[in-house]
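Everything below concerns the one structure shown next.
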Amino acid sequence: MIDINELLGIALKVEGTGYSFYKKLAGRTEGERKELFNRLAEQERVHGERFRKILGEFESNEENTRFDDEVAGYLKSLAEVSVFSEKDADNPPEKLEDAVRTAINVEKDSIVFYSELINYVPEKSALERVINEEKTHLRDLLNEFKR
C-alpha cells in the first residue's frame with residue numbers, strides 16, 4: 001500500500017524537476033520567453049516549499065492516511081505520468097516548440113494528479129493554491145505555444 005507521504009514525495013519531485021526544466025529553458029531563451037520560464041521555475045520552487053510544509057504536517061501525525069490498493073494504484077499511476085522525466089529536466093528538447101509541448105502535457109497531468117490528491121489532505125487551501133497556479137502555468141504555456 002502507498003501512503004500520503006509517498007504521494008506528497010512524488011509531488012515534491014514533480015515540482016523540483018519542473019524547476020530544473022524551466023531554469024534550463026530560461027537559460028536558452030531571451031526576452032519575454034526567458035522571463036516566462038524564470039517565473040515558472042520560481043513558482044515550481046515555491047510549490048515545492050508548500051509540499052514540504054504539507055509533508056511535515058503528515059509526518060508529525062501518527063495516523064497517516066493509507067490507501068486501499070485500488071486507490072493507491074490509481075493515484076500512483078497518475079503521479080507517474082505527471083512527473084517530468086529526469087532526462088527532460090536535465091536536457092529539455094532542443095526545439096522550443098517541443099519543450100513547450102512537453103511542459104503543457106506535464107502541467108495538465110499535474111493538475112489532474114493534484115486535483116485527486118486534494119481529496120486526501122486535511123488542509124486543502126495550500127494544495128488548491130498550487131492547482132490554481134498550475135492552471136495559470138498551463139494558460140501561459142498555451143499562449144506561448146500559439147506564438
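Starting from 1 in every chain, residues are counted up; chains themselves are A, B, ... following the order of the C-alpha cells, and ligands are numbered from 1 as listed.
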
Members of stretch 12-143 of chain A assigned helix (DSSP H, G or I) by DSSP, as a CSV table (one decimal) with N, CA, C and O atoms, in the first residue's frame:
chain,number,residue,atom,x,y,z
A,12,LEU,N,6.6,16.5,-4.6
A,12,LEU,CA,7.8,17.3,-4.4
A,12,LEU,C,8.8,17.1,-5.6
A,12,LEU,O,9.4,18.0,-6.1
A,13,LYS,N,8.9,15.8,-6.0
A,13,LYS,CA,9.8,15.5,-7.2
A,13,LYS,C,9.3,16.2,-8.4
A,13,LYS,O,10.1,16.8,-9.2
A,14,VAL,N,7.9,16.2,-8.6
A,14,VAL,CA,7.4,16.9,-9.8
A,14,VAL,C,7.8,18.3,-9.8
A,14,VAL,O,8.3,18.9,-10.8
A,15,GLU,N,7.7,19.0,-8.7
A,15,GLU,CA,8.0,20.4,-8.6
A,15,GLU,C,9.5,20.7,-8.8
A,15,GLU,O,9.9,21.6,-9.5
A,16,GLY,N,10.3,19.9,-8.2
A,16,GLY,CA,11.8,20.0,-8.3
A,16,GLY,C,12.3,19.8,-9.7
A,16,GLY,O,13.1,20.6,-10.2
A,17,THR,N,11.7,18.8,-10.3
A,17,THR,CA,12.1,18.5,-11.7
A,17,THR,C,11.6,19.6,-12.6
A,17,THR,O,12.3,20.0,-13.6
A,18,GLY,N,10.4,20.1,-12.4
A,18,GLY,CA,9.8,21.2,-13.2
A,18,GLY,C,10.7,22.5,-13.0
A,18,GLY,O,11.0,23.2,-14.0
A,19,TYR,N,11.2,22.7,-11.8
A,19,TYR,CA,12.1,23.9,-11.6
A,19,TYR,C,13.3,23.7,-12.5
A,19,TYR,O,13.7,24.7,-13.2
A,20,SER,N,14.0,22.6,-12.5
A,20,SER,CA,15.2,22.4,-13.3
A,20,SER,C,14.9,22.6,-14.8
A,20,SER,O,15.6,23.2,-15.5
A,21,PHE,N,13.7,22.0,-15.2
A,21,PHE,CA,13.3,22.1,-16.6
A,21,PHE,C,13.2,23.5,-17.1
A,21,PHE,O,13.8,23.9,-18.1
A,22,TYR,N,12.4,24.3,-16.3
A,22,TYR,CA,12.2,25.7,-16.7
A,22,TYR,C,13.4,26.5,-16.6
A,22,TYR,O,13.6,27.5,-17.4
A,23,LYS,N,14.3,26.3,-15.6
A,23,LYS,CA,15.5,27.1,-15.5
A,23,LYS,C,16.4,26.8,-16.7
A,23,LYS,O,17.0,27.7,-17.2
A,24,LYS,N,16.5,25.6,-17.2
A,24,LYS,CA,17.3,25.3,-18.4
A,24,LYS,C,16.7,26.0,-19.6
A,24,LYS,O,17.4,26.5,-20.4
A,25,LEU,N,15.4,26.0,-19.7
A,25,LEU,CA,14.7,26.7,-20.8
A,25,LEU,C,15.0,28.2,-20.7
A,25,LEU,O,15.3,28.8,-21.8
A,26,ALA,N,15.0,28.7,-19.5
A,26,ALA,CA,15.3,30.2,-19.4
A,26,ALA,C,16.7,30.5,-19.8
A,26,ALA,O,16.9,31.5,-20.4
A,27,GLY,N,17.6,29.5,-19.6
A,27,GLY,CA,19.0,29.7,-20.0
A,27,GLY,C,19.2,29.7,-21.5
A,27,GLY,O,20.2,30.2,-22.0
A,31,GLY,N,14.6,37.6,-23.6
A,31,GLY,CA,13.4,38.5,-23.5
A,31,GLY,C,12.2,37.9,-22.7
A,31,GLY,O,12.4,37.4,-21.6
A,32,GLU,N,11.0,38.0,-23.3
A,32,GLU,CA,9.8,37.6,-22.7
A,32,GLU,C,9.8,36.1,-22.4
A,32,GLU,O,9.3,35.7,-21.3
A,33,ARG,N,10.3,35.3,-23.3
A,33,ARG,CA,10.4,33.9,-23.0
A,33,ARG,C,11.2,33.6,-21.8
A,33,ARG,O,10.9,32.7,-21.0
A,34,LYS,N,12.4,34.2,-21.7
A,34,LYS,CA,13.3,34.0,-20.6
A,34,LYS,C,12.5,34.4,-19.3
A,34,LYS,O,12.6,33.6,-18.3
A,35,GLU,N,11.8,35.5,-19.3
A,35,GLU,CA,11.1,35.9,-18.1
A,35,GLU,C,10.0,34.9,-17.8
A,35,GLU,O,9.8,34.6,-16.6
A,36,LEU,N,9.3,34.4,-18.8
A,36,LEU,CA,8.2,33.4,-18.6
A,36,LEU,C,8.8,32.1,-17.9
A,36,LEU,O,8.3,31.7,-16.9
A,37,PHE,N,9.9,31.6,-18.4
A,37,PHE,CA,10.5,30.4,-17.9
A,37,PHE,C,11.1,30.6,-16.5
A,37,PHE,O,11.0,29.7,-15.7
A,38,ASN,N,11.7,31.7,-16.3
A,38,ASN,CA,12.2,32.0,-14.9
A,38,ASN,C,11.0,32.1,-13.9
A,38,ASN,O,11.2,31.7,-12.8
A,39,ARG,N,10.0,32.8,-14.3
A,39,ARG,CA,8.8,32.9,-13.4
A,39,ARG,C,8.2,31.5,-13.1
A,39,ARG,O,7.9,31.2,-12.0
A,40,LEU,N,8.1,30.7,-14.2
A,40,LEU,CA,7.6,29.3,-14.0
A,40,LEU,C,8.5,28.5,-13.0
A,40,LEU,O,8.0,27.8,-12.1
A,41,ALA,N,9.8,28.7,-13.2
A,41,ALA,CA,10.8,28.0,-12.3
A,41,ALA,C,10.6,28.4,-10.9
A,41,ALA,O,10.5,27.6,-10.0
A,42,GLU,N,10.5,29.7,-10.7
A,42,GLU,CA,10.3,30.2,-9.3
A,42,GLU,C,9.0,29.7,-8.7
A,42,GLU,O,9.0,29.3,-7.5
A,43,GLN,N,8.0,29.7,-9.4
A,43,GLN,CA,6.7,29.2,-8.9
A,43,GLN,C,6.8,27.7,-8.6
A,43,GLN,O,6.2,27.2,-7.6
A,44,GLU,N,7.5,26.9,-9.4
A,44,GLU,CA,7.7,25.5,-9.1
A,44,GLU,C,8.5,25.3,-7.8
A,44,GLU,O,8.2,24.5,-6.9
A,45,ARG,N,9.5,26.2,-7.5
A,45,ARG,CA,10.2,26.2,-6.3
A,45,ARG,C,9.3,26.4,-5.1
A,45,ARG,O,9.4,25.7,-4.1
A,46,VAL,N,8.5,27.4,-5.2
A,46,VAL,CA,7.5,27.8,-4.2
A,46,VAL,C,6.5,26.6,-3.9
A,46,VAL,O,6.2,26.3,-2.8
A,47,HIS,N,6.1,26.0,-5.0
A,47,HIS,CA,5.2,24.8,-4.8
A,47,HIS,C,5.9,23.7,-4.0
A,47,HIS,O,5.3,23.1,-3.1
A,48,GLY,N,7.2,23.5,-4.3
A,48,GLY,CA,7.9,22.5,-3.6
A,48,GLY,C,8.0,22.8,-2.1
A,48,GLY,O,7.8,21.9,-1.2
A,49,GLU,N,8.1,24.1,-1.7
A,49,GLU,CA,8.1,24.5,-0.3
A,49,GLU,C,6.8,24.2,0.3
A,49,GLU,O,6.7,23.8,1.4
A,50,ARG,N,5.7,24.5,-0.4
A,50,ARG,CA,4.4,24.2,0.1
A,50,ARG,C,4.2,22.7,0.3
A,50,ARG,O,3.6,22.3,1.4
A,51,PHE,N,4.7,21.9,-0.6
A,51,PHE,CA,4.5,20.4,-0.4
A,51,PHE,C,5.4,19.9,0.8
A,51,PHE,O,5.0,19.0,1.5
A,52,ARG,N,6.6,20.5,1.0
A,52,ARG,CA,7.4,20.2,2.1
A,52,ARG,C,6.7,20.5,3.4
A,52,ARG,O,6.7,19.7,4.4
A,53,LYS,N,6.0,21.6,3.4
A,53,LYS,CA,5.2,22.0,4.6
A,53,LYS,C,4.1,21.0,4.9
A,53,LYS,O,3.8,20.5,6.0
A,54,ILE,N,3.3,20.7,3.8
A,54,ILE,CA,2.2,19.7,4.0
A,54,ILE,C,2.8,18.4,4.4
A,54,ILE,O,2.2,17.7,5.3
A,55,LEU,N,3.9,18.0,3.8
A,55,LEU,CA,4.5,16.7,4.2
A,55,LEU,C,4.9,16.7,5.6
A,55,LEU,O,4.7,15.7,6.4
A,56,GLY,N,5.5,17.8,6.1
A,56,GLY,CA,5.8,17.9,7.5
A,56,GLY,C,4.7,17.7,8.4
A,56,GLY,O,4.8,17.1,9.5
A,57,GLU,N,3.5,18.3,8.0
A,57,GLU,CA,2.3,18.1,8.8
A,57,GLU,C,1.9,16.6,8.9
A,57,GLU,O,1.5,16.2,10.0
A,58,PHE,N,2.0,15.9,7.8
A,58,PHE,CA,1.7,14.5,7.8
A,58,PHE,C,2.7,13.7,8.6
A,58,PHE,O,2.3,12.7,9.3
A,59,GLU,N,4.0,14.0,8.5
A,59,GLU,CA,5.0,13.2,9.2
A,59,GLU,C,4.9,13.3,10.7
A,59,GLU,O,5.2,12.4,11.4
A,69,ASP,N,-5.6,-0.7,-2.1
A,69,ASP,CA,-4.9,-1.0,-3.3
A,69,ASP,C,-5.4,-0.3,-4.6
A,69,ASP,O,-4.6,0.2,-5.4
A,70,GLU,N,-6.7,-0.3,-4.7
A,70,GLU,CA,-7.3,0.3,-5.9
A,70,GLU,C,-7.0,1.8,-6.0
A,70,GLU,O,-6.5,2.4,-7.0
A,71,VAL,N,-7.2,2.5,-4.9
A,71,VAL,CA,-7.0,4.0,-4.8
A,71,VAL,C,-5.5,4.2,-5.0
A,71,VAL,O,-5.0,5.1,-5.7
A,72,ALA,N,-4.7,3.5,-4.3
A,72,ALA,CA,-3.2,3.6,-4.3
A,72,ALA,C,-2.7,3.4,-5.8
A,72,ALA,O,-1.9,4.2,-6.2
A,73,GLY,N,-3.2,2.4,-6.4
A,73,GLY,CA,-2.7,2.2,-7.8
A,73,GLY,C,-3.1,3.3,-8.7
A,73,GLY,O,-2.3,3.7,-9.6
A,74,TYR,N,-4.3,3.8,-8.6
A,74,TYR,CA,-4.8,4.9,-9.4
A,74,TYR,C,-4.0,6.1,-9.2
A,74,TYR,O,-3.5,6.8,-10.1
A,75,LEU,N,-3.8,6.5,-7.9
A,75,LEU,CA,-3.0,7.7,-7.6
A,75,LEU,C,-1.6,7.6,-8.0
A,75,LEU,O,-1.0,8.5,-8.6
A,76,LYS,N,-1.0,6.4,-7.8
A,76,LYS,CA,0.4,6.2,-8.2
A,76,LYS,C,0.6,6.3,-9.7
A,76,LYS,O,1.5,6.9,-10.2
A,77,SER,N,-0.4,5.7,-10.5
A,77,SER,CA,-0.3,5.8,-11.9
A,77,SER,C,-0.4,7.3,-12.4
A,77,SER,O,0.3,7.7,-13.3
A,78,LEU,N,-1.4,8.0,-11.8
A,78,LEU,CA,-1.5,9.4,-12.1
A,78,LEU,C,-0.2,10.2,-11.9
A,78,LEU,O,0.3,11.0,-12.7
A,79,ALA,N,0.4,9.9,-10.7
A,79,ALA,CA,1.7,10.5,-10.3
A,79,ALA,C,2.8,10.2,-11.3
A,79,ALA,O,3.5,11.1,-11.7
A,80,GLU,N,2.9,9.0,-11.7
A,80,GLU,CA,3.9,8.6,-12.7
A,80,GLU,C,3.9,9.3,-14.0
A,80,GLU,O,4.9,9.7,-14.6
A,81,VAL,N,2.6,9.5,-14.5
A,81,VAL,CA,2.5,10.2,-15.8
A,81,VAL,C,2.7,11.7,-15.6
A,81,VAL,O,2.9,12.4,-16.6
A,82,SER,N,2.6,12.2,-14.4
A,82,SER,CA,2.6,13.7,-14.2
A,82,SER,C,4.0,14.2,-13.9
A,82,SER,O,4.3,15.4,-13.8
A,86,GLU,N,13.5,12.8,-15.5
A,86,GLU,CA,14.8,13.4,-15.2
A,86,GLU,C,15.5,13.7,-16.5
A,86,GLU,O,16.2,14.7,-16.5
A,87,LYS,N,15.4,12.9,-17.5
A,87,LYS,CA,16.0,13.2,-18.8
A,87,LYS,C,15.6,14.5,-19.3
A,87,LYS,O,16.4,15.3,-19.8
A,88,ASP,N,14.3,14.8,-19.3
A,88,ASP,CA,13.7,16.0,-19.8
A,88,ASP,C,14.2,17.2,-19.0
A,88,ASP,O,14.5,18.3,-19.5
A,89,ALA,N,14.3,17.0,-17.7
A,89,ALA,CA,14.7,18.2,-16.8
A,89,ALA,C,16.2,18.5,-17.1
A,89,ALA,O,16.6,19.7,-17.1
A,90,ASP,N,17.0,17.5,-17.3
A,90,ASP,CA,18.4,17.7,-17.5
A,90,ASP,C,18.7,18.2,-18.9
A,90,ASP,O,19.7,18.9,-19.1
A,96,LEU,N,12.2,24.7,-29.2
A,96,LEU,CA,11.4,25.3,-28.2
A,96,LEU,C,9.9,24.8,-28.2
A,96,LEU,O,9.3,24.5,-27.2
A,97,GLU,N,9.4,24.6,-29.4
A,97,GLU,CA,8.0,24.1,-29.5
A,97,GLU,C,7.9,22.7,-28.8
A,97,GLU,O,6.9,22.5,-28.2
A,98,ASP,N,8.8,21.9,-29.0
A,98,ASP,CA,8.8,20.5,-28.4
A,98,ASP,C,8.9,20.7,-26.8
A,98,ASP,O,8.2,20.0,-26.1
A,99,ALA,N,9.7,21.6,-26.4
A,99,ALA,CA,9.9,21.8,-24.9
A,99,ALA,C,8.6,22.3,-24.3
A,99,ALA,O,8.1,21.9,-23.2
A,100,VAL,N,8.0,23.3,-25.0
A,100,VAL,CA,6.7,23.8,-24.5
A,100,VAL,C,5.6,22.8,-24.5
A,100,VAL,O,4.8,22.7,-23.6
A,101,ARG,N,5.6,22.0,-25.6
A,101,ARG,CA,4.6,20.9,-25.6
A,101,ARG,C,4.8,19.9,-24.5
A,101,ARG,O,3.8,19.5,-23.8
A,102,THR,N,6.0,19.5,-24.2
A,102,THR,CA,6.3,18.7,-23.0
A,102,THR,C,5.8,19.3,-21.7
A,102,THR,O,5.1,18.7,-20.9
A,103,ALA,N,6.1,20.6,-21.5
A,103,ALA,CA,5.7,21.3,-20.3
A,103,ALA,C,4.1,21.4,-20.2
A,103,ALA,O,3.6,21.2,-19.1
A,104,ILE,N,3.5,21.6,-21.3
A,104,ILE,CA,2.0,21.7,-21.3
A,104,ILE,C,1.4,20.3,-20.9
A,104,ILE,O,0.5,20.3,-20.0
A,105,ASN,N,2.0,19.2,-21.4
A,105,ASN,CA,1.4,17.9,-21.0
A,105,ASN,C,1.7,17.6,-19.5
A,105,ASN,O,0.8,17.1,-18.8
A,106,VAL,N,2.8,18.0,-19.0
A,106,VAL,CA,3.1,17.8,-17.6
A,106,VAL,C,2.3,18.6,-16.7
A,106,VAL,O,1.8,18.2,-15.7
A,107,GLU,N,2.1,19.9,-17.1
A,107,GLU,CA,1.2,20.8,-16.3
A,107,GLU,C,-0.2,20.2,-16.3
A,107,GLU,O,-0.9,20.2,-15.2
A,108,LYS,N,-0.7,19.7,-17.4
A,108,LYS,CA,-2.1,19.1,-17.4
A,108,LYS,C,-2.2,17.9,-16.5
A,108,LYS,O,-3.1,17.8,-15.7
A,109,ASP,N,-1.2,17.1,-16.6
A,109,ASP,CA,-1.2,15.8,-15.8
A,109,ASP,C,-1.0,16.2,-14.3
A,109,ASP,O,-1.6,15.5,-13.4
A,110,SER,N,-0.2,17.2,-14.0
A,110,SER,CA,-0.1,17.6,-12.6
A,110,SER,C,-1.4,18.1,-12.0
A,110,SER,O,-1.7,17.8,-10.9
A,111,ILE,N,-2.1,18.9,-12.8
A,111,ILE,CA,-3.4,19.4,-12.4
A,111,ILE,C,-4.3,18.2,-12.0
A,111,ILE,O,-5.0,18.3,-11.0
A,112,VAL,N,-4.4,17.2,-12.8
A,112,VAL,CA,-5.2,16.1,-12.6
A,112,VAL,C,-4.8,15.4,-11.3
A,112,VAL,O,-5.6,15.0,-10.4
A,113,PHE,N,-3.5,15.1,-11.2
A,113,PHE,CA,-2.9,14.4,-10.0
A,113,PHE,C,-3.2,15.2,-8.7
A,113,PHE,O,-3.7,14.6,-7.8
A,114,TYR,N,-2.9,16.5,-8.7
A,114,TYR,CA,-3.2,17.3,-7.5
A,114,TYR,C,-4.6,17.4,-7.2
A,114,TYR,O,-5.0,17.5,-6.0
A,115,SER,N,-5.5,17.4,-8.2
A,115,SER,CA,-6.9,17.5,-8.0
A,115,SER,C,-7.4,16.2,-7.3
A,115,SER,O,-8.4,16.3,-6.6
A,116,GLU,N,-6.8,15.1,-7.7
A,116,GLU,CA,-7.2,13.9,-7.0
A,116,GLU,C,-6.6,13.8,-5.6
A,116,GLU,O,-7.3,13.4,-4.6
A,117,LEU,N,-5.4,14.3,-5.4
A,117,LEU,CA,-4.7,14.2,-4.2
A,117,LEU,C,-5.4,15.1,-3.1
A,117,LEU,O,-5.4,14.8,-1.9
A,118,ILE,N,-6.0,16.2,-3.6
A,118,ILE,CA,-6.7,17.1,-2.6
A,118,ILE,C,-7.7,16.4,-1.8
A,118,ILE,O,-8.0,16.8,-0.6
A,119,ASN,N,-8.3,15.3,-2.3
A,119,ASN,CA,-9.3,14.6,-1.5
A,119,ASN,C,-8.7,13.9,-0.2
A,119,ASN,O,-9.5,13.5,0.6
A,120,TYR,N,-7.4,13.8,-0.1
A,120,TYR,CA,-6.8,13.1,0.9
A,120,TYR,C,-6.0,14.0,1.9
A,120,TYR,O,-5.3,13.4,2.8
A,124,LYS,N,-6.7,21.8,2.7
A,124,LYS,CA,-6.9,21.8,1.3
A,124,LYS,C,-6.4,23.2,0.6
A,124,LYS,O,-6.1,23.2,-0.5
A,125,SER,N,-6.4,24.2,1.4
A,125,SER,CA,-6.1,25.5,0.8
A,125,SER,C,-4.8,25.7,0.1
A,125,SER,O,-4.6,26.2,-1.0
A,126,ALA,N,-3.7,25.1,0.7
A,126,ALA,CA,-2.4,25.1,0.1
A,126,ALA,C,-2.4,24.4,-1.2
A,126,ALA,O,-1.8,24.9,-2.2
A,127,LEU,N,-3.0,23.2,-1.2
A,127,LEU,CA,-3.0,22.5,-2.5
A,127,LEU,C,-3.9,23.1,-3.5
A,127,LEU,O,-3.6,23.1,-4.7
A,128,GLU,N,-5.0,23.7,-3.1
A,128,GLU,CA,-5.8,24.5,-4.0
A,128,GLU,C,-5.0,25.6,-4.7
A,128,GLU,O,-5.2,25.9,-5.9
A,129,ARG,N,-4.2,26.3,-3.9
A,129,ARG,CA,-3.4,27.4,-4.5
A,129,ARG,C,-2.4,26.8,-5.5
A,129,ARG,O,-2.2,27.4,-6.6
A,130,VAL,N,-1.8,25.7,-5.2
A,130,VAL,CA,-0.9,25.0,-6.2
A,130,VAL,C,-1.7,24.7,-7.5
A,130,VAL,O,-1.2,25.0,-8.6
A,131,ILE,N,-2.8,24.1,-7.3
A,131,ILE,CA,-3.6,23.7,-8.5
A,131,ILE,C,-3.9,25.0,-9.3
A,131,ILE,O,-3.8,24.9,-10.6
A,132,ASN,N,-4.4,26.0,-8.7
A,132,ASN,CA,-4.7,27.3,-9.5
A,132,ASN,C,-3.5,27.8,-10.2
A,132,ASN,O,-3.6,28.3,-11.3
A,133,GLU,N,-2.3,27.8,-9.5
A,133,GLU,CA,-1.1,28.2,-10.1
A,133,GLU,C,-0.7,27.3,-11.3
A,133,GLU,O,-0.2,27.8,-12.3
A,134,GLU,N,-0.9,26.0,-11.1
A,134,GLU,CA,-0.6,25.1,-12.3
A,134,GLU,C,-1.5,25.4,-13.5
A,134,GLU,O,-1.1,25.4,-14.6
A,135,LYS,N,-2.7,25.8,-13.2
A,135,LYS,CA,-3.6,26.2,-14.3
A,135,LYS,C,-3.1,27.5,-15.0
A,135,LYS,O,-3.2,27.6,-16.2
A,136,THR,N,-2.6,28.4,-14.2
A,136,THR,CA,-2.0,29.6,-14.7
A,136,THR,C,-0.8,29.2,-15.6
A,136,THR,O,-0.6,29.8,-16.7
A,137,HIS,N,0.0,28.3,-15.1
A,137,HIS,CA,1.2,27.9,-15.9
A,137,HIS,C,0.7,27.3,-17.2
A,137,HIS,O,1.3,27.6,-18.3
A,138,LEU,N,-0.3,26.5,-17.2
A,138,LEU,CA,-0.9,25.9,-18.4
A,138,LEU,C,-1.3,27.0,-19.4
A,138,LEU,O,-1.0,26.9,-20.6
A,139,ARG,N,-2.1,27.9,-18.9
A,139,ARG,CA,-2.5,29.0,-19.7
A,139,ARG,C,-1.4,29.8,-20.3
A,139,ARG,O,-1.4,30.0,-21.5
A,140,ASP,N,-0.4,30.1,-19.5
A,140,ASP,CA,0.8,30.8,-20.0
A,140,ASP,C,1.5,30.0,-21.1
A,140,ASP,O,2.0,30.6,-22.1
A,141,LEU,N,1.7,28.7,-20.9
A,141,LEU,CA,2.4,27.9,-21.8
A,141,LEU,C,1.6,27.8,-23.1
A,141,LEU,O,2.1,27.8,-24.2
A,142,LEU,N,0.2,27.6,-23.0
A,142,LEU,CA,-0.6,27.6,-24.2
A,142,LEU,C,-0.5,28.8,-25.0
A,142,LEU,O,-0.4,28.8,-26.2
A,143,ASN,N,-0.4,30.0,-24.3
A,143,ASN,CA,-0.3,31.3,-25.0
A,143,ASN,C,1.1,31.3,-25.7
A,143,ASN,O,1.2,31.8,-26.8
